[in-house]
Structure formats: structure tokens, C-alpha cells
>>> print(open('upload28.cif').read())   # mmCIF, C-alpha atoms
data_start
#
loop_
_atom_site.group_PDB
_atom_site.id
_atom_site.type_symbol
_atom_site.label_atom_id
_atom_site.label_comp_id
_atom_site.auth_asym_id
_atom_site.auth_seq_id
_atom_site.Cartn_x
_atom_site.Cartn_y
_atom_site.Cartn_z
ATOM 1 C CA MET A 28 70.251 94.912 75.545
ATOM 2 C CA LEU A 29 67.135 93.120 74.290
ATOM 3 C CA LYS A 30 64.343 94.226 71.998
ATOM 4 C CA LEU A 31 60.664 93.335 72.233
ATOM 5 C CA GLN A 32 59.235 92.143 68.930
ATOM 6 C CA PHE A 33 55.625 91.590 67.848
ATOM 7 C CA VAL A 34 55.617 88.115 66.317
ATOM 8 C CA ASP A 35 52.848 88.956 63.831
ATOM 9 C CA GLY A 36 54.710 92.092 62.709
ATOM 10 C CA SER A 37 51.761 94.365 63.507
ATOM 11 C CA ARG A 38 54.020 96.880 65.261
ATOM 12 C CA GLU A 39 57.641 97.902 65.203
ATOM 13 C CA SER A 40 59.979 96.241 67.671
ATOM 14 C CA PHE A 41 61.506 98.493 70.335
ATOM 15 C CA TRP A 42 64.432 98.470 72.762
ATOM 16 C CA LEU A 43 63.911 97.459 76.371
ATOM 17 C CA ALA A 44 66.122 100.220 77.733
ATOM 18 C CA GLN A 45 64.035 101.466 80.671
ATOM 19 C CA LYS A 46 64.161 99.825 84.080
ATOM 20 C CA LYS A 47 60.413 99.123 84.140
ATOM 21 C CA LEU A 48 57.956 98.705 81.276
ATOM 22 C CA THR A 49 54.240 98.428 82.106
ATOM 23 C CA VAL A 50 51.917 96.439 79.823
ATOM 24 C CA GLY A 51 48.112 96.368 79.804
ATOM 25 C CA ALA A 52 44.892 97.646 78.292
ATOM 26 C CA ASP A 53 44.883 100.910 80.255
ATOM 27 C CA PRO A 54 46.091 103.905 78.192
ATOM 28 C CA SER A 55 48.526 104.918 80.948
ATOM 29 C CA ASN A 56 50.722 101.861 80.313
ATOM 30 C CA ASP A 57 54.012 102.075 78.422
ATOM 31 C CA LEU A 58 52.780 99.340 76.080
ATOM 32 C CA VAL A 59 49.027 99.363 75.488
ATOM 33 C CA ILE A 60 47.371 96.194 74.182
ATOM 34 C CA LYS A 61 43.663 96.506 73.441
ATOM 35 C CA ASP A 62 42.315 93.028 73.998
ATOM 36 C CA PRO A 63 39.335 91.763 76.073
ATOM 37 C CA LYS A 64 41.653 89.127 77.569
ATOM 38 C CA VAL A 65 44.200 91.711 78.686
ATOM 39 C CA ALA A 66 43.740 93.340 82.093
ATOM 40 C CA PRO A 67 44.137 97.100 82.556
ATOM 41 C CA PHE A 68 47.497 96.447 84.223
ATOM 42 C CA HIS A 69 48.546 93.012 83.049
ATOM 43 C CA LEU A 70 52.294 92.726 83.674
ATOM 44 C CA GLU A 71 55.584 94.581 84.018
ATOM 45 C CA ILE A 72 58.986 93.930 82.441
ATOM 46 C CA HIS A 73 61.856 94.840 84.739
ATOM 47 C CA LYS A 74 65.472 95.370 83.680
ATOM 48 C CA HIS A 75 68.341 94.856 86.136
ATOM 49 C CA GLU A 76 71.772 95.389 84.557
ATOM 50 C CA GLU A 77 71.743 92.809 81.713
ATOM 51 C CA ASP A 78 68.919 90.641 83.096
ATOM 52 C CA TYR A 79 65.185 90.911 82.408
ATOM 53 C CA TYR A 80 62.215 89.730 84.471
ATOM 54 C CA VAL A 81 58.487 89.494 83.843
ATOM 55 C CA VAL A 82 56.446 90.553 86.880
ATOM 56 C CA GLN A 83 52.863 89.325 87.025
ATOM 57 C CA CYS A 84 50.157 91.793 88.099
ATOM 58 C CA GLU A 85 47.216 90.460 90.139
ATOM 59 C CA GLU A 86 47.740 86.847 89.003
ATOM 60 C CA GLN A 87 46.908 87.519 85.368
ATOM 61 C CA ARG A 88 47.355 84.585 82.976
ATOM 62 C CA ILE A 89 50.734 84.861 81.250
ATOM 63 C CA LEU A 90 52.425 82.243 79.079
ATOM 64 C CA ILE A 91 56.190 82.264 78.581
ATOM 65 C CA ASN A 92 57.321 79.888 75.843
ATOM 66 C CA LYS A 93 53.700 78.644 75.831
ATOM 67 C CA ILE A 94 53.942 77.550 79.476
ATOM 68 C CA PRO A 95 51.913 79.348 82.189
ATOM 69 C CA ILE A 96 54.207 81.018 84.689
ATOM 70 C CA LYS A 97 53.935 79.769 88.253
ATOM 71 C CA ARG A 98 55.386 82.668 90.184
ATOM 72 C CA SER A 99 55.057 86.430 90.219
ATOM 73 C CA THR A 100 58.601 87.153 88.969
ATOM 74 C CA THR A 101 60.078 85.105 86.119
ATOM 75 C CA PRO A 102 63.429 85.677 84.360
ATOM 76 C CA VAL A 103 63.361 85.890 80.548
ATOM 77 C CA HIS A 104 66.105 85.685 77.937
ATOM 78 C CA ALA A 105 66.677 86.219 74.243
ATOM 79 C CA ASP A 106 64.324 84.136 71.993
ATOM 80 C CA ASP A 107 61.788 83.659 74.805
ATOM 81 C CA THR A 108 58.178 84.366 73.829
ATOM 82 C CA ILE A 109 55.426 85.784 75.972
ATOM 83 C CA LEU A 110 51.666 85.534 75.261
ATOM 84 C CA ILE A 111 49.497 88.398 76.516
ATOM 85 C CA GLY A 112 45.867 87.747 75.598
ATOM 86 C CA SER A 113 46.117 86.940 71.897
ATOM 87 C CA THR A 114 49.285 89.007 71.339
ATOM 88 C CA GLU A 115 52.565 87.121 71.190
ATOM 89 C CA LEU A 116 55.804 88.979 71.822
ATOM 90 C CA ARG A 117 59.388 87.771 71.496
ATOM 91 C CA PHE A 118 62.520 88.960 73.276
ATOM 92 C CA ILE A 119 65.238 89.304 70.652
ATOM 93 C CA GLU A 120 68.927 90.126 70.706
ATOM 94 C CA PRO A 121 70.191 92.038 67.629
ATOM 95 C CA LYS A 122 72.809 90.323 65.471
ATOM 96 C CA GLY A 123 76.374 90.892 66.575
ATOM 97 C CA GLN A 124 75.373 91.795 70.107
ATOM 98 C CA GLY A 125 75.108 88.161 71.135
ATOM 99 C CA GLN A 126 78.594 87.399 69.818
ATOM 100 C CA ALA A 127 80.072 90.328 71.717
ATOM 101 C CA LYS A 128 78.290 89.240 74.859
ATOM 102 C CA ALA A 129 79.497 85.671 74.482
ATOM 103 C CA SER A 130 83.088 86.871 74.212
ATOM 104 C CA ASN A 131 82.828 88.500 77.632
ATOM 105 C CA GLN A 132 82.776 86.610 80.896
ATOM 106 C CA GLN A 133 79.484 84.833 81.485
ATOM 107 C CA LYS A 134 77.678 86.476 84.367
ATOM 108 C CA THR A 135 74.603 84.269 84.700
ATOM 109 C CA TRP A 136 74.687 81.308 87.074
ATOM 110 C CA GLY A 137 72.389 78.375 86.568
ATOM 111 C CA LEU A 138 71.837 74.632 86.343
ATOM 112 C CA GLU A 139 72.074 72.796 83.036
ATOM 113 C CA ILE A 140 70.376 69.501 82.331
ATOM 114 C CA LYS A 141 69.996 67.191 79.356
ATOM 115 C CA ALA A 142 66.780 65.242 79.876
ATOM 116 C CA SER A 143 63.815 64.441 77.660
ATOM 117 C CA TRP A 144 61.275 65.423 80.302
ATOM 118 C CA SER A 145 62.730 68.940 80.734
ATOM 119 C CA LYS A 146 61.240 71.649 78.539
ATOM 120 C CA GLN A 147 64.323 73.833 79.024
ATOM 121 C CA SER A 148 67.984 72.975 79.262
ATOM 122 C CA VAL A 149 69.159 75.809 81.522
ATOM 123 C CA PHE A 150 67.559 77.004 84.753
ATOM 124 C CA PRO A 151 68.921 80.410 85.851
ATOM 125 C CA ILE A 152 69.649 81.068 89.521
ATOM 126 C CA HIS A 153 68.572 84.464 90.881
ATOM 127 C CA GLY A 154 68.591 85.197 94.588
ATOM 128 C CA VAL A 155 67.605 82.194 96.722
ATOM 129 C CA THR A 156 66.290 79.585 94.268
ATOM 130 C CA THR A 157 64.315 76.569 95.503
ATOM 131 C CA ILE A 158 64.377 73.228 93.675
ATOM 132 C CA GLY A 159 61.942 70.376 94.235
ATOM 133 C CA ARG A 160 58.885 68.641 92.804
ATOM 134 C CA ASP A 161 56.386 71.162 94.180
ATOM 135 C CA ASP A 162 54.866 73.574 91.652
ATOM 136 C CA ASP A 163 55.701 76.498 93.940
ATOM 137 C CA CYS A 164 59.449 75.834 93.598
ATOM 138 C CA ASP A 165 61.530 78.087 91.365
ATOM 139 C CA ILE A 166 62.865 74.964 89.605
ATOM 140 C CA THR A 167 60.237 72.230 89.449
ATOM 141 C CA VAL A 168 61.490 68.702 88.779
ATOM 142 C CA PRO A 169 58.641 66.237 88.086
ATOM 143 C CA VAL A 170 60.321 63.239 89.698
ATOM 144 C CA SER A 171 58.386 61.396 92.417
ATOM 145 C CA HIS A 172 61.417 60.602 94.582
ATOM 146 C CA LEU A 173 62.389 64.262 94.983
ATOM 147 C CA SER A 174 61.161 66.041 98.084
ATOM 148 C CA ARG A 175 58.543 68.733 97.598
ATOM 149 C CA LYS A 176 61.142 71.320 98.502
ATOM 150 C CA HIS A 177 64.438 69.521 98.084
ATOM 151 C CA ALA A 178 67.163 72.188 98.309
ATOM 152 C CA THR A 179 67.979 75.880 97.892
ATOM 153 C CA LEU A 180 70.624 77.477 95.680
ATOM 154 C CA GLU A 181 72.142 80.929 96.119
ATOM 155 C CA VAL A 182 75.004 82.694 94.336
ATOM 156 C CA VAL A 183 77.643 83.689 96.882
ATOM 157 C CA GLY A 184 80.755 85.295 95.411
ATOM 158 C CA ASP A 185 82.271 82.960 92.829
ATOM 159 C CA SER A 186 80.300 79.914 94.006
ATOM 160 C CA ILE A 187 76.771 78.601 94.517
ATOM 161 C CA LEU A 188 75.754 77.860 98.080
ATOM 162 C CA VAL A 189 73.748 74.610 98.115
ATOM 163 C CA LYS A 190 71.589 73.792 101.168
ATOM 164 C CA ASP A 191 69.688 70.523 101.468
ATOM 165 C CA LEU A 192 66.227 71.007 103.009
ATOM 166 C CA GLN A 193 66.251 67.711 104.929
ATOM 167 C CA SER A 194 65.288 65.851 101.782
ATOM 168 C CA THR A 195 64.570 62.129 101.915
ATOM 169 C CA ASN A 196 67.070 60.998 99.270
ATOM 170 C CA GLY A 197 69.632 63.735 99.767
ATOM 171 C CA THR A 198 71.679 66.180 97.727
ATOM 172 C CA HIS A 199 75.000 65.122 96.214
ATOM 173 C CA LEU A 200 77.900 67.320 95.026
ATOM 174 C CA ASN A 201 80.310 65.511 92.701
ATOM 175 C CA GLY A 202 79.154 62.181 94.130
ATOM 176 C CA ALA A 203 79.368 63.097 97.828
ATOM 177 C CA ARG A 204 76.239 63.642 99.887
ATOM 178 C CA VAL A 205 76.106 67.118 101.423
ATOM 179 C CA THR A 206 73.800 69.118 103.645
ATOM 180 C CA GLU A 207 75.490 72.452 102.857
ATOM 181 C CA ALA A 208 78.312 73.062 100.396
ATOM 182 C CA TYR A 209 79.710 75.476 97.807
ATOM 183 C CA ALA A 210 79.573 74.431 94.137
ATOM 184 C CA LYS A 211 81.757 75.831 91.361
ATOM 185 C CA ALA A 212 81.146 76.096 87.633
ATOM 186 C CA GLY A 213 81.414 72.618 86.094
ATOM 187 C CA ASP A 214 80.475 70.735 89.271
ATOM 188 C CA LYS A 215 77.770 68.071 89.227
ATOM 189 C CA LEU A 216 74.748 68.486 91.495
ATOM 190 C CA LYS A 217 72.501 65.446 91.971
ATOM 191 C CA PHE A 218 69.064 65.646 93.549
ATOM 192 C CA ASP A 219 67.870 62.062 94.032
ATOM 193 C CA VAL A 220 68.395 60.604 90.508
ATOM 194 C CA VAL A 221 68.407 63.910 88.633
ATOM 195 C CA THR A 222 71.851 65.343 87.821
ATOM 196 C CA PHE A 223 72.563 68.960 86.855
ATOM 197 C CA THR A 224 75.765 70.680 85.767
ATOM 198 C CA VAL A 225 76.554 74.004 87.412
ATOM 199 C CA ILE A 226 77.209 76.769 84.886
ATOM 200 C CA GLY A 227 78.726 80.117 85.768
ATOM 201 C CA PRO A 228 81.604 82.476 84.984
ATOM 202 C CA ASP A 229 83.679 81.496 81.945
ATOM 203 C CA GLU A 230 86.701 79.462 83.044
ATOM 204 C CA LYS A 231 88.736 80.841 80.112
ATOM 205 C CA ALA A 232 88.951 84.198 81.897
ATOM 206 C CA THR A 233 90.708 82.451 84.799
ATOM 207 C CA ASP A 234 93.138 80.787 82.387
ATOM 208 C CA LYS A 235 94.086 84.163 80.957
ATOM 209 C CA THR A 236 94.881 85.438 84.406
ATOM 210 C CA VAL A 237 97.155 82.471 85.035
ATOM 211 C CA VAL A 238 98.941 83.069 81.721
ATOM 212 C CA ARG A 239 99.561 86.706 82.603
ATOM 213 C CA GLN A 240 101.005 85.729 85.976
ATOM 214 C CA SER A 241 103.213 83.110 84.380
ATOM 215 C CA ALA A 242 104.526 85.568 81.769
ATOM 216 C CA THR A 243 105.349 88.068 84.482
ATOM 217 C CA SER A 244 107.215 85.512 86.552
ATOM 218 C CA ASN A 245 109.175 84.323 83.505
ATOM 219 C CA ALA A 246 110.113 87.883 82.594
ATOM 220 C CA ALA A 247 111.344 88.395 86.133
ATOM 221 C CA LYS A 248 113.546 85.310 85.844
ATOM 222 C CA THR A 249 115.143 86.545 82.603
ATOM 223 C CA GLN A 250 116.020 90.008 83.876
ATOM 224 C CA PRO A 251 119.802 90.465 84.401
ATOM 225 C CA ARG A 252 120.951 90.706 87.947
ATOM 226 C CA PRO A 253 121.996 94.207 88.989
ATOM 227 C CA LYS A 254 125.737 94.756 89.386
ATOM 228 C CA GLN A 255 126.934 94.832 92.964
ATOM 229 C CA PRO A 256 128.514 98.176 93.973
ATOM 230 C CA PRO A 257 132.284 98.016 94.701
ATOM 231 C CA LYS A 258 133.168 97.440 98.304
ATOM 232 C CA PRO A 259 134.503 100.554 100.068
ATOM 233 C CA ARG A 260 138.166 100.545 101.065
ATOM 234 C CA ASP A 261 138.909 99.779 104.649
ATOM 235 C CA GLU A 262 139.065 102.973 106.656
ATOM 236 C CA PRO A 263 142.151 103.486 108.875
ATOM 237 C CA SER A 264 141.750 102.677 112.520
ATOM 238 C CA GLN A 265 141.454 105.416 115.124
ATOM 239 C CA ALA A 266 145.011 104.823 116.399
ATOM 240 C CA GLN A 267 146.407 105.048 112.881
ATOM 241 C CA ALA A 268 144.458 108.265 112.214
ATOM 242 C CA LEU A 269 145.642 109.803 115.507
ATOM 243 C CA LYS A 270 149.216 108.837 114.726
ATOM 244 C CA LYS A 271 148.932 110.502 111.318
ATOM 245 C CA ILE A 272 147.501 113.657 112.871
ATOM 246 C CA GLN A 273 150.215 113.870 115.552
ATOM 247 C CA LEU A 274 153.013 113.333 113.045
ATOM 248 C CA SER A 275 151.528 115.872 110.675
ATOM 249 C CA ASP A 276 151.396 118.462 113.450
ATOM 250 C CA LEU A 277 155.150 118.198 114.141
ATOM 251 C CA PRO A 278 157.372 120.751 112.290
ATOM 252 C CA PRO A 279 160.154 119.571 110.022
ATOM 253 C CA PRO A 280 163.392 118.512 111.874
ATOM 254 C CA GLU A 281 165.456 121.416 110.442
ATOM 255 C CA LYS A 282 163.132 124.024 111.941
ATOM 256 C CA ASN A 283 163.438 122.360 115.385
ATOM 257 C CA TYR A 284 167.278 122.657 115.351
ATOM 258 C CA GLN A 285 167.158 126.369 114.389
ATOM 259 C CA LYS A 286 164.928 127.206 117.341
ATOM 260 C CA LEU A 287 167.164 125.230 119.676
ATOM 261 C CA TYR A 288 170.253 127.185 118.510
ATOM 262 C CA GLN A 289 168.454 130.490 119.067
ATOM 263 C CA ILE A 290 167.464 129.507 122.586
ATOM 264 C CA LEU A 291 171.011 128.402 123.481
ATOM 265 C CA ALA A 292 172.426 131.652 122.077
ATOM 266 C CA ILE A 293 170.033 133.750 124.129
ATOM 267 C CA LEU A 294 170.878 131.734 127.268
ATOM 268 C CA GLY A 295 174.644 132.168 126.621
ATOM 269 C CA VAL A 296 174.326 135.932 126.223
ATOM 270 C CA SER A 297 172.207 136.125 129.370
ATOM 271 C CA VAL A 298 174.847 134.209 131.364
ATOM 272 C CA VAL A 299 177.660 136.500 130.160
ATOM 273 C CA ILE A 300 175.658 139.631 131.076
ATOM 274 C CA ALA A 301 174.866 138.205 134.481
ATOM 275 C CA ILE A 302 178.519 137.416 135.191
ATOM 276 C CA GLY A 303 179.572 140.958 134.128
ATOM 277 C CA VAL A 304 177.019 142.570 136.409
ATOM 278 C CA ILE A 305 178.177 140.460 139.382
ATOM 279 C CA TYR A 306 181.794 141.375 138.661
ATOM 280 C CA LEU A 307 181.071 145.097 138.632
ATOM 281 C CA ILE A 308 179.081 144.961 141.852
ATOM 282 C CA SER A 309 181.778 143.070 143.668
#
>>> encode(input="upload28.cif", output="C-alpha cells")
Amino acid sequence: MLKLQFVDGSRESFWLAQKKLTVGADPSNDLVIKDPKVAPFHLEIHKHEEDYYVVQCEEQRILINKIPIKRSTTPVHADDTILIGSTELRFIEPKGQGQAKASNQQKTWGLEIKASWSKQSVFPIHGVTTIGRDDDCDITVPVSHLSRKHATLEVVGDSILVKDLQSTNGTHLNGARVTEAYAKAGDKLKFDVVTFTVIGPDEKATDKTVVRQSATSNAAKTQPRPKQPPKPRDEPSQAQALKKIQLSDLPPPEKNYQKLYQILAILGVSVVIAIGVIYLIS
């Protein structure tokens, strides 16, 4: 979170915590600046997550880093200054907060350039950003061979979608001419003779993910293999089981002989009785 500081120290600095801060000479504003050069409703400062924007009201003259802004909505960052009438304000980031923010993954996409003619080294990309030599472009490049509106840039997922606007000298991604392509952090974008480096999410975060995956796979390789359960003994076949059942149902041999003797004895007695009865009748 940023603070707004009065450069001359005339007032205390304050946090920019609210989503919209109105600035002007009218007493109803959040920040009132009594100055003949300041309009009743001069500008607004909008906060969206961790990003801040200055919104111009009714085309009032506003200087950011001593340069007049050319569009109604302009992104601002820590250490940027803004001149409202004769009052100069600075966006500041308290000590320690910047280090903590830098340790996290970088969320802002943009184009970085190292050129003597450029008054800033990084151009942030918000929404659909137009680059060209025209003053109405979001990123103005004062090179005569660039088209007035050369190309557009838009953050799409983990890439920047680059679209060439039928420029005369073309748009190049890592040396290859493209009409529409996706650029990653670290890629080189060349518009005519001007080369930018794409900046975006911190690549170190991706490396950490790879390390975690590698550690997991290595741990899986070192785990001992589970012991195989012992194989079950072969079960007897159906014929063998039936044979066992039939044999088990039979009585012991001694019992079979005893029954046979009893039956023969009964038959012998019956025969003798029958013969005696026939004898008596006859």
C-alpha cells in the first residue's frame, strides 16, 4: 500500500487505502487544495488491488514526474510525483514494505527499455495498451519509422498478446516478424528499430515449483516396494472334493460287516420259521 506525501512537508502524509480519492479545491473533496490553479474537482486517485491510477477530471493540467499526462487514466507507482497547481505530491512506499513486495511474485506486466531518449525505463501494461509514435498512444515512442499506432499489447493469462496494427516496418518477437503472437517474460519485442524486454511474473517462482516436483518424484523412487502377499495354495479340484466327500460319508468297514451279519441272521431265522409252518400245515 502506498502513501501520499506532501513534498514541501506542509501536511502529514496519509495512506491511500480507499478505492477512490477525490482531489480539488471544492470542500467536498477527500483532499482539498486551495489554489487558484486547482479546479473544484481536479483529479481522482483510484486503487485497484495493488495498483494505483490517476484519473483526470475535465482535462485539467496534471504533471506526473514533471511531464503532462496525455490520457485520462494514468498508472502511478512508488516515487512518482504529481503536480497539482503549485502543490507537489509524491507516492511513497514505507520502508520494509517494498522488500516484502519484491520477495513475492511480480504481478505487473510491462515493457522495459534502456535508451537515452526514454524518460522512463519501464512501461506498465494495463488492459489493451497501444504503442506507436502518436501522442494518443499509451506508450509513445518518438521514432519516425514507427507507425502512428504500431501495435497493441494485452495481458492474457501468463502471456502478453501482441497484435501488429498493419505497421509499415513490422513487429518482431525474438527476431521473427509476427502479426499476432504471445510473448513471455524475458522475450524481446522489436518495433521497427526499438527493442523492448517483456517483464512479468518472477521466473524464480516457476523454478521453485519444478524443484518441489523433482523432490516428490525422487522421494517416490526411494520408497521401498511393498511386499507381495503370499500366493494362496491351490484349491482341490471338484472331482477331488467330491471323492473326499463320498469317502467321508461311508461308515467304517467294521460297522458294515456287523450289519451284514445281523441281516443274514434275521433271514436265516425267517427261513427256519417258514419251513416249520409249511411242515405243520402239510
>>> closest_residue(input="upload28.cif", among="A:Ala292, A:Glu139, A:Leu31, A:Gly213", to="A:Thr108", atoms="only C-alpha atoms")
A:Leu31
>>> atom_distance(input="upload28.cif", atom1="atom CA of A:Val182", atom2="atom CA of A:Glu207")
13.3 Å
>>> residues_around(input="upload28.cif", residues="A:Leu200", least_positions_apart="3", cutoff="6 Å", atoms="all atoms listed in the file", output="PyMOL selection string")
chain A and resi 203+215-216
>>> write_last_selection(input="upload28.cif", atoms="C-alpha atoms", output="compact mmCIF listing (two decimals), keeping the file's coordinate frame")
# COMPACT_ATOMS: atom_id res chain seq x y z
CA ALA A 203 79.37 63.10 97.83
CA LYS A 215 77.77 68.07 89.23
CA LEU A 216 74.75 68.49 91.50
>>> resolve_selection(input="upload28.cif", expression="the PyMOL selection byres ((chain A and resi 114) around 10)", output="PyMOL selection string")
chain A and resi 33-35+37+60-62+64-65+109-113+115-116
>>> atom_distance(input="upload28.cif", atom1="atom CA of A:Glu77", atom2="atom CA of A:Phe118")
13.1 Å
>>> residues_around(input="upload28.cif", residues="A:Val170", least_positions_apart="4", cutoff="9 Å", atoms="all atoms listed in the file", output="MDAnalysis selection string")
chainID A and resid 159:160 174 219:221
>>> closest_residue(input="upload28.cif", among="A:Val155, A:Val168, A:Ile72, A:Leu138", to="A:Ala210", atoms="all atoms listed in the file")
A:Leu138
>>> atom_distance(input="upload28.cif", atom1="atom CA of A:Tyr79", atom2="atom CA of A:Thr101")
8.6 Å
>>> closest_residue(input="upload28.cif", among="A:Leu48, A:Val299, A:Ile91, A:Leu180", to="A:Leu70", atoms="only C-alpha atoms")
A:Leu48
>>> closest_residue(input="upload28.cif", among="A:Leu90, A:Leu173, A:Ile302, A:Val183", to="A:Gly154", atoms="only C-alpha atoms")
A:Val183
>>> resolve_selection(input="upload28.cif", expression="the PyMOL selection byres ((chain A and resi 29) around 12)", output="number ranges by chain")
A: 28, 30-32, 40-45, 72-74, 76-80, 103-107, 117-122, 124-125, 128
